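Raw upload.txt, compact mmCIF, C-alpha atoms:
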# COMPACT_ATOMS: atom_id res chain seq x y z
CA MET M 19 -22.77 74.00 12.47
CA HIS M 20 -23.71 76.52 15.17
CA TYR M 21 -25.37 74.73 18.05
CA LYS M 22 -26.05 75.82 21.61
CA TYR M 23 -25.55 72.93 24.03
CA LYS M 24 -27.53 72.51 27.22
CA SER M 25 -24.71 70.55 28.88
CA LYS M 26 -21.14 71.14 27.83
CA PRO M 27 -19.67 68.24 25.84
CA PHE M 28 -16.32 66.62 26.48
CA ALA M 29 -13.81 66.76 23.63
CA HIS M 30 -14.53 63.16 22.56
CA GLN M 31 -18.28 63.84 22.47
CA LYS M 32 -17.80 66.95 20.37
CA LYS M 33 -15.56 65.04 17.97
CA ALA M 34 -18.16 62.26 17.63
CA LEU M 35 -20.81 64.84 16.79
CA GLU M 36 -18.63 66.62 14.24
CA MET M 37 -18.07 63.28 12.51
CA SER M 38 -21.67 62.13 12.59
CA TRP M 39 -24.29 64.82 12.99
CA ASP M 40 -25.42 65.07 9.34
CA LYS M 41 -24.65 61.49 8.27
CA GLU M 42 -27.58 59.28 7.29
CA VAL M 43 -26.16 56.40 9.33
CA PHE M 44 -23.57 56.23 12.10
CA ALA M 45 -22.41 53.87 14.84
CA TYR M 46 -21.41 55.29 18.21
CA PHE M 47 -19.09 52.54 19.43
CA MET M 48 -18.16 54.34 22.64
CA GLU M 49 -17.10 52.78 25.92
CA MET M 50 -19.44 52.70 28.90
CA GLY M 51 -19.38 55.97 30.79
CA THR M 52 -18.27 58.12 27.84
CA GLY M 53 -21.69 59.71 27.34
CA LYS M 54 -23.16 58.04 24.26
CA SER M 55 -26.68 59.12 25.26
CA LYS M 56 -25.75 62.81 25.30
CA VAL M 57 -24.13 62.51 21.87
CA LEU M 58 -27.30 61.00 20.40
CA ILE M 59 -29.52 63.63 22.03
CA ASP M 60 -27.36 66.46 20.69
CA ASN M 61 -27.33 64.80 17.27
CA ILE M 62 -31.14 64.67 17.29
CA ALA M 63 -31.33 68.34 18.32
CA MET M 64 -28.87 69.39 15.60
CA LEU M 65 -30.83 67.61 12.88
CA TYR M 66 -34.07 69.10 14.19
CA ASN M 67 -32.56 72.60 14.20
CA ALA M 68 -31.44 72.07 10.61
CA GLY M 69 -34.97 71.08 9.57
CA LYS M 70 -33.90 67.54 8.67
CA ILE M 71 -36.13 65.70 11.17
CA ASP M 72 -39.17 66.36 13.33
CA GLY M 73 -39.18 63.05 15.16
CA ALA M 74 -36.92 60.60 16.98
CA LEU M 75 -37.50 57.00 18.02
CA ILE M 76 -35.11 55.86 20.74
CA VAL M 77 -35.01 52.13 21.46
CA ALA M 78 -33.31 50.85 24.60
CA PRO M 79 -33.28 47.78 26.86
CA LYS M 80 -36.18 47.46 29.28
CA GLY M 81 -33.97 48.13 32.30
CA VAL M 82 -32.75 51.51 31.07
CA TYR M 83 -35.24 52.92 28.57
CA LYS M 84 -37.11 54.91 31.25
CA ASN M 85 -33.84 56.62 32.12
CA TRP M 86 -33.93 58.35 28.72
CA PHE M 87 -37.28 59.87 29.66
CA ASP M 88 -36.50 60.65 33.30
CA SER M 89 -32.98 62.05 33.05
CA GLU M 90 -31.09 61.83 29.75
CA ILE M 91 -33.41 64.00 27.66
CA PRO M 92 -34.19 66.51 30.46
CA ASN M 93 -30.46 66.84 31.24
CA HIS M 94 -29.14 67.18 27.69
CA MET M 95 -31.85 68.31 25.28
CA PRO M 96 -31.73 72.12 24.97
CA ASP M 97 -34.68 73.87 26.61
CA TYR M 98 -35.18 76.14 23.60
CA ILE M 99 -36.33 73.14 21.55
CA GLU M 100 -40.08 72.65 21.77
CA LYS M 101 -40.73 68.96 22.16
CA LYS M 102 -43.27 66.29 22.91
CA VAL M 103 -41.79 63.23 24.60
CA GLY M 104 -43.61 59.96 25.12
CA LEU M 105 -42.65 56.78 26.92
CA TRP M 106 -44.05 53.57 25.44
CA ARG M 107 -46.32 51.42 27.55
CA THR M 108 -48.47 48.41 26.70
CA ASP M 109 -51.58 50.60 26.45
CA PRO M 110 -50.99 52.34 23.11
CA ASN M 111 -54.12 54.47 23.64
CA ALA M 112 -52.64 56.25 26.66
CA LYS M 113 -53.49 59.96 26.54
CA ASP M 114 -49.89 61.14 26.90
CA LEU M 115 -48.88 59.19 23.78
CA LYS M 116 -51.49 60.70 21.48
CA PRO M 117 -49.67 64.07 21.09
CA LEU M 118 -46.79 62.20 19.44
CA PHE M 119 -48.87 61.88 16.28
CA GLN M 120 -49.98 65.49 16.08
CA THR M 121 -48.53 67.58 13.31
CA GLY M 122 -46.72 70.71 14.29
CA ALA M 123 -43.33 72.36 14.52
CA GLU M 124 -42.33 70.54 17.71
CA LEU M 125 -39.81 67.73 17.95
CA HIS M 126 -41.64 64.47 18.66
CA ILE M 127 -39.67 61.88 20.65
CA LEU M 128 -40.86 58.34 21.32
CA ILE M 129 -38.90 56.10 23.69
CA MET M 130 -39.55 52.35 23.50
CA ASN M 131 -38.04 49.28 25.10
CA ILE M 132 -36.54 46.74 22.70
CA GLU M 133 -38.85 44.00 23.98
CA ALA M 134 -41.85 45.89 22.55
CA PHE M 135 -40.65 45.04 19.05
CA SER M 136 -41.48 41.40 19.64
CA THR M 137 -45.15 42.35 20.03
CA LYS M 138 -47.82 43.28 17.50
CA LYS M 139 -48.91 46.33 19.52
CA GLY M 140 -45.37 47.65 19.78
CA MET M 141 -44.68 47.17 16.09
CA GLN M 142 -47.91 48.83 14.98
CA PHE M 143 -47.31 51.81 17.26
CA ALA M 144 -43.70 52.26 16.13
CA GLU M 145 -44.62 52.02 12.44
CA LYS M 146 -47.42 54.55 12.89
CA PHE M 147 -45.00 56.94 14.59
CA LEU M 148 -42.34 56.52 11.90
CA ASN M 149 -44.92 57.21 9.20
CA SER M 150 -46.10 60.36 10.99
CA HIS M 151 -42.77 62.20 10.97
CA LYS M 152 -39.30 62.52 9.48
CA VAL M 153 -37.49 60.37 12.00
CA LEU M 154 -34.06 59.48 13.34
CA MET M 155 -34.15 55.99 14.88
CA GLY M 156 -31.51 55.16 17.45
CA ILE M 157 -30.81 51.77 19.04
CA ASP M 158 -29.19 52.01 22.47
CA GLU M 159 -27.17 48.90 23.38
CA SER M 160 -27.47 47.68 19.80
CA THR M 161 -26.25 44.18 20.65
CA THR M 162 -29.92 43.59 21.50
CA ILE M 163 -30.41 43.14 17.74
CA LYS M 164 -27.35 40.96 17.12
CA ASN M 165 -29.37 37.76 16.65
CA PRO M 166 -30.64 37.69 13.03
CA ALA M 167 -33.17 34.97 13.86
CA ALA M 168 -34.84 36.92 16.68
CA LYS M 169 -38.28 38.35 16.02
CA ARG M 170 -37.36 41.76 17.40
CA THR M 171 -34.29 41.94 15.17
CA LYS M 172 -36.33 41.11 12.06
CA ASN M 173 -38.92 43.71 13.04
CA ILE M 174 -36.34 46.43 13.67
CA ILE M 175 -34.76 45.71 10.28
CA TYR M 176 -38.20 45.98 8.67
CA LEU M 177 -38.84 49.37 10.27
CA LYS M 178 -35.63 50.96 9.05
CA GLN M 179 -37.22 51.65 5.66
CA PHE M 180 -39.45 54.25 7.32
CA THR M 181 -36.56 56.25 8.82
CA LYS M 182 -34.46 59.11 7.49
CA TYR M 183 -31.49 58.68 9.83
CA ARG M 184 -30.26 55.72 11.86
CA ARG M 185 -27.85 55.39 14.79
CA ILE M 186 -26.61 52.49 16.91
CA LEU M 187 -24.95 52.88 20.30
CA THR M 188 -22.88 50.36 22.24
CA GLY M 189 -19.59 50.05 24.03
CA SER M 190 -19.02 46.48 22.86
CA PRO M 191 -20.54 45.64 19.46
CA VAL M 192 -19.01 42.16 19.69
CA THR M 193 -20.05 40.25 22.81
CA LYS M 194 -19.53 36.60 21.91
CA SER M 195 -18.61 36.41 18.24
CA PRO M 196 -17.56 38.67 15.34
CA LEU M 197 -20.82 37.62 13.72
CA ASP M 198 -22.58 39.87 16.26
CA LEU M 199 -21.72 42.79 13.97
CA TYR M 200 -23.87 41.76 11.05
CA THR M 201 -27.44 42.76 11.92
CA GLN M 202 -26.29 45.82 13.88
CA CYS M 203 -24.58 47.13 10.76
CA TYR M 204 -27.34 45.87 8.47
CA PHE M 205 -29.81 48.05 10.38
CA LEU M 206 -27.69 51.05 9.47
CA ASP M 207 -26.98 50.11 5.85
CA PRO M 208 -26.77 46.67 4.16
CA GLU M 209 -23.78 47.96 2.17
CA LEU M 210 -21.61 48.68 5.22
CA LEU M 211 -20.21 45.16 5.50
CA GLY M 212 -20.62 44.29 1.85
CA PHE M 213 -22.73 41.16 2.30
CA ALA M 214 -26.31 40.68 1.14
CA SER M 215 -27.09 38.03 3.74
CA TYR M 216 -26.02 36.87 7.17
CA TYR M 217 -25.12 33.46 5.76
CA THR M 218 -22.61 34.76 3.24
CA PHE M 219 -21.13 36.93 6.01
CA LYS M 220 -20.86 33.89 8.29
CA ASN M 221 -19.26 31.80 5.54
CA ARG M 222 -16.64 34.49 5.05
CA TYR M 223 -15.59 34.91 8.68
CA ALA M 224 -16.50 31.66 10.47
CA VAL M 225 -14.61 28.37 10.24
CA MET M 226 -17.22 25.61 10.26
CA VAL M 227 -17.22 21.83 10.26
CA SER M 228 -20.04 19.41 9.53
CA ARG M 229 -21.51 17.55 12.49
CA SER M 230 -24.17 14.87 12.75
CA VAL M 231 -26.36 13.85 15.65
CA ALA M 232 -28.62 10.90 14.87
CA THR M 233 -30.37 11.93 11.64
CA HIS M 234 -29.64 15.64 12.09
CA SER M 235 -26.71 17.30 10.28
CA PHE M 236 -25.50 20.84 10.94
CA LYS M 237 -22.53 23.17 10.62
CA GLN M 238 -20.68 23.99 13.83
CA ILE M 239 -18.49 27.07 14.19
CA ILE M 240 -15.08 26.13 15.55
CA ASP M 241 -13.11 29.30 14.85
CA TYR M 242 -13.05 32.64 13.02
CA GLN M 243 -10.96 33.92 10.12
CA ARG M 244 -10.11 37.09 8.16
CA LEU M 245 -10.91 39.22 11.21
CA ASP M 246 -8.44 41.87 10.06
CA GLU M 247 -10.97 42.76 7.34
CA LEU M 248 -13.58 43.64 9.94
CA GLU M 249 -11.24 46.00 11.76
CA HIS M 250 -11.13 48.42 8.85
Using C-alpha cells, write down the structure that the file contains.
Amino acid sequence: MHYKYKSKPFAHQKKALEMSWDKEVFAYFMEMGTGKSKVLIDNIAMLYNAGKIDGALIVAPKGVYKNWFDSEIPNHMPDYIEKKVGLWRTDPNAKDLKPLFQTGAELHILIMNIEAFSTKKGMQFAEKFLNSHKVLMGIDESTTIKNPAAKRTKNIIYLKQFTKYRRILTGSPVTKSPLDLYTQCYFLDPELLGFASYYTFKNRYAVMVSRSVATHSFKQIIDYQRLDELEH
C-alpha cells in the first residue's frame, strides 16, 4: 500500500511491514537494535490510514514503556496523522488520559507498562480503552507474558478478545525453555501452535519424570523433544 514514512525504513523493516501490515496477528521476532518499535509504529499508522483501526494499546516493560511516549512515537509516527497519545499512570482519572476515550477521527494511542496488568485499576482502564475503539494491541518484549500461571499473563490473554489486531515483539522469544513460546503465541492466536492448553503443549515437547518429596509428588522437566517441529 502507499504509505509516507516519517523516518526512512531499512530494507529489513520494510520487508517486515510488507509481510505483516494487514495481518490480524503477527510476531516481530527481530534482534535487538533492528528497530522493532519503528515497525510496529508504522504498522499502526498503515492500519489507521486504511480505516482498519482507530486505537492502539502498546504494552511494554516498566523500564522502557515511557520511551515509547518520549521518543519512539514522536520519532516515527507520521506528523500528518492526528493522534491522541496517553501514558498510563496509577491515577486513571488523570486529565491527559481522558481524551483517549473521546470519539473522533483521531488515532488514540495508550501506552501501558506490563506490571499494570497485575492490578485491578490497570485492567479496568485497559478494557475500557479496548471497548472504546477498534484497537491493535502490541506487546513489546513479549517474554513478559511467557509464564502461563502469572496474573498479568492471564489478564493479557483475557483482553485479547477485545482487539482487532495483535502483535508481539521480542528479539528472543525463548529465554529459558521452548515452553516460553506458548502463551506468547496463544495471545496472538490459540491455533498457531495447534494446542488447546499449555499442558498438552508441555507434554508434547518436554521430557518429564515423576519426583516425590515427602508426601508431595510432581513432574520434573529433564529435557526437551521434537524441537524441530517448533522451528517451522
Selected residue, from M:Tyr204, M:Phe87, M:Phe219, M:Tyr183, that lies nearest to Leu154 in chain M when counting all atoms listed in the file: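 Between M:Tyr204, M:Phe87, M:Phe219, M:Tyr183, the residue approaching Leu154 in chain M most closely is M:Tyr183.
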Selection near Gly122 in chain M, 12 Å with all atoms listed in the file, sequence-local residues under 4 positions removed, as number ranges by chain: M: 72-73, 100-102, 117-118, 126, 150-151
Could you work out how far CA of Thr193 in chain M lies from CA of Met50 in chain M, giving the answer in Å with one decimal?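 Between these atoms lies a distance of 13.9 Å.
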One-decimal distance in Å that lies between CA of Ala63 in chain M and CA of Ala78 in chain M: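 The value is 18.7 Å.
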Env of Thr161 in chain M: 12 Å cut, atoms = only C-alpha atoms, seq-sep filter 5 positions within chain, self excluded. Answer as a ChimeraX atom specification. /M:45,47,77-79,132,166,168,170-171,186-203,205
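For the choices M:Val227, M:Ala134, M:Ile91, M:Ile71, the atom-to-atom distance to Leu148 in chain M is smallest for M:Ile71 when using all atoms listed in the file.
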